[in-house]
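Undergrad: Quick one: the structure is below, questions incoming.
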2 protein chains.
Amino acid sequence: MRKLNLEALKKEFEQFLRKKKMKVTRARLDLLDHIASYDRHFEIEELVNWVASRSDRPVSRSTVYRTVKLLEEFGAVREVIKKDKKTIYEFVAGSPHHDHLVCLNCGKIIEFVSDEIESLQHQICNHYGFKPLNHRLEIYGLCRDCQSS
Amino acid sequence: MRKLNLEALKKEFEQFLRKKKMKVTRARLDLLDHIASYDRHFEIEELVNWVASRSDRPVSRSTVYRTVKLLEEFGAVREVIKKDKKTIYEFVAGSPHHDHLVCLNCGKIIEFVSDEIESLQHQICNHYGFKPLNHRLEIYGLCRDCQSS
DNA sequence: ATGAGTGCAAAGTATTTGCACGTAC
DNA sequence: GTACGTGCAAATACTTTGCACTCAT
C-alpha cells in the first residue's frame, strides 16, 4: 500500500514543530498516528470518533481542528473538497499527487494520477508568470455503478 | 466582452422556470439581470449589497441564496471555490468553460482555458467508466506581482 | 518555572428553514 | 382564489475562540 515509514514521518513532524518553536505534544503525535492508520478520506467529526474508538486518550474536537491545520501546513494532510458545509481531508504523506473523480450520486471518490495534466498545468503557470504551490482538480459526475441504476 | 444576449437569456430562464412549474417573479429576473451586469466573481453578500445599491427594489438575502441555487441549476452561474466559509460564484452564461489560478497572497483570480487539459480529462473519465458532468481545476500559488514583493 | 497546548463551553458565521404575508397565475 | 415566492427572524451546523488548567521544555 503506502510506502511510508511512519516513524520517520513522525520524526520529521517533530522537527517541523521545533523549527516553529511549538511543542511536541502527545495529542499532536497521536493524531498523526491515527490519521495515517485511518488512511483514507476523512472529515473532522469522523477523526474525533475514530480516535476516541481506538485509544483511551481521546483528543478534543478543538485540538483536532487545530492540529489538522498544522498537519496541512506540514504537508501530511490536504483538503480535498468542501462538501456541503464539511471539509473533507486526506492523508497524503508518501503518496504522489493525485486528483479526484467525485460521484454526485453515491459520493464515492476515485483517485487518479495524470502526469500529462500536471505538466500542462505547469506550462499554463509559466505563461502567466504564476508560481504554483498547490492545486486541485475534481471532476464531478456519475460513477460506473450509478450510471446503470 | 461577453457575447451574450441578455434578453434572450432571460427568456430562456423564464422557460426553464415554467418547465419546472415555478413562477416567473420580479426577484428572479432582477437577480439574473444584476448578476449579468456584475459580470465577475461574486459572493452572496456582495450580490445582496450590489442589488441594494443599484436598484430601489432590494432582494432579501434568503431569496438571493435560493435564486443563486436556481441559476446554478439553470446553468447561468457556477460555484468557483469555497474560500474560508464563503462560497464564490461566477456568471458563466455565454462564456466557455475555464479554470482558475488563485493567488494565495492577494486573492486575485486569473481565468484560463485549456482544451488539452479538458481532453485529457475525458480520456481519464473513459478509462474509469465515469460520466463527467462538471469539473473544477484550481491552481493555488503566487501571482506575478506577489512574487516580486 | 513558564508559556504554549488542551478541553470545554460559548461565540461566530455562512447558509437554511418555518411561517405569515404578498404576488404570479 | 390558490399556491408558490418572499422576507424576516430563528435555527443549523461547521469551525473558531476565550479562558482556566495542564504539560512540555
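Here, A, B, ... name the chains of the C-alpha cells in the order displayed, residue numbers run from 1 inside each chain, and ligands are numbered from 1 in the same displayed order.
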Do me a favour and pick out the residues of chain B within 9 Å of chain D, using only C-alpha atoms (C1' of nucleotides), as a list in words.

TA: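 That gives the following set of residues: Met22, Lys23, Thr25, Ala27, Val59, Ser60, Arg61, Ser62, Thr63 and Lys85 of chain B.
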
Undergrad: If the cut-off is 8 Å, can you tell me the residues of chain C near chain B, counting only C-alpha atoms (C1' of nucleotides)? I'd like them as a PyMOL selection string.

TA: chain C and resi 13-14+24

Undergrad: Got a sec: who's within 7 Å of Ile139 in chain B, counting only C-alpha atoms (C1' of nucleotides), leaving out chain neighbours fewer than 6 positions off, as a PyMOL selection string?

TA: (chain A and resi 132+134-136) or (chain B and resi 100-102)

Undergrad: Write out as JSON, numbers by chain which residues come within 12 Å of range 115-123 of chain A when counting only C-alpha atoms (C1' of nucleotides), dropping same-chain ones fewer than 5 positions away.

TA: {"A": [96, 97, 98, 99, 128, 129, 130, 131, 132, 133, 134, 135, 136, 137], "B": [99, 100, 101, 112, 113, 114, 115, 116, 117, 118, 119, 120, 121, 122, 123, 124, 137, 138, 139, 140, 141]}

Undergrad: Give me the residues within 9 Å of Phe74 in chain A as number ranges by chain, counting only C-alpha atoms (C1' of nucleotides) and dropping any in the same chain fewer than 4 places off.

TA: A: 13, 16-17, 69-70

Undergrad: Can you tell me how far CA of Val68 in chain B sits from CA of Ile109 in chain B, in Å to one decimal?

TA: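 Interatomic distance, CA of Val68 in chain B to CA of Ile109 in chain B: 20.6 Å.
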
Undergrad: For the helix (DSSP H, G or I) assignment from backbone DSSP, which residues of chain B qualify? Please present them as a ChimeraX atom specification.

TA: /B:6-19,26-38,44-54,61-74,115-128,144-148

Undergrad: Output as a list in words all residues of range 45-82 of chain B that backbone DSSP marks as strand (DSSP E).

TA: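 Here is the list: Val77, Arg78, Glu79, Val80, Ile81 and Lys82 of chain B.
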
Undergrad: Keeping only N, CA and C atoms, take the residues you just selected and write them out as a compact mmCIF listing (two decimals), in the first residue's frame.

TA:
```txt
# COMPACT_ATOMS: atom_id res chain seq x y z
N VAL B 77 -24.91 30.23 -13.65
CA VAL B 77 -23.99 30.55 -12.56
C VAL B 77 -23.29 29.27 -12.14
N ARG B 78 -22.02 29.38 -11.75
CA ARG B 78 -21.40 28.20 -11.17
C ARG B 78 -20.55 28.55 -9.97
N GLU B 79 -20.40 27.57 -9.12
CA GLU B 79 -19.61 27.76 -7.92
C GLU B 79 -18.15 27.67 -8.31
N VAL B 80 -17.34 28.63 -7.89
CA VAL B 80 -15.93 28.58 -8.23
C VAL B 80 -15.15 27.89 -7.14
N ILE B 81 -15.12 28.49 -5.99
CA ILE B 81 -14.47 27.85 -4.86
C ILE B 81 -15.16 28.21 -3.56
N LYS B 82 -14.88 27.44 -2.56
CA LYS B 82 -15.29 27.80 -1.21
C LYS B 82 -14.03 28.36 -0.58
```
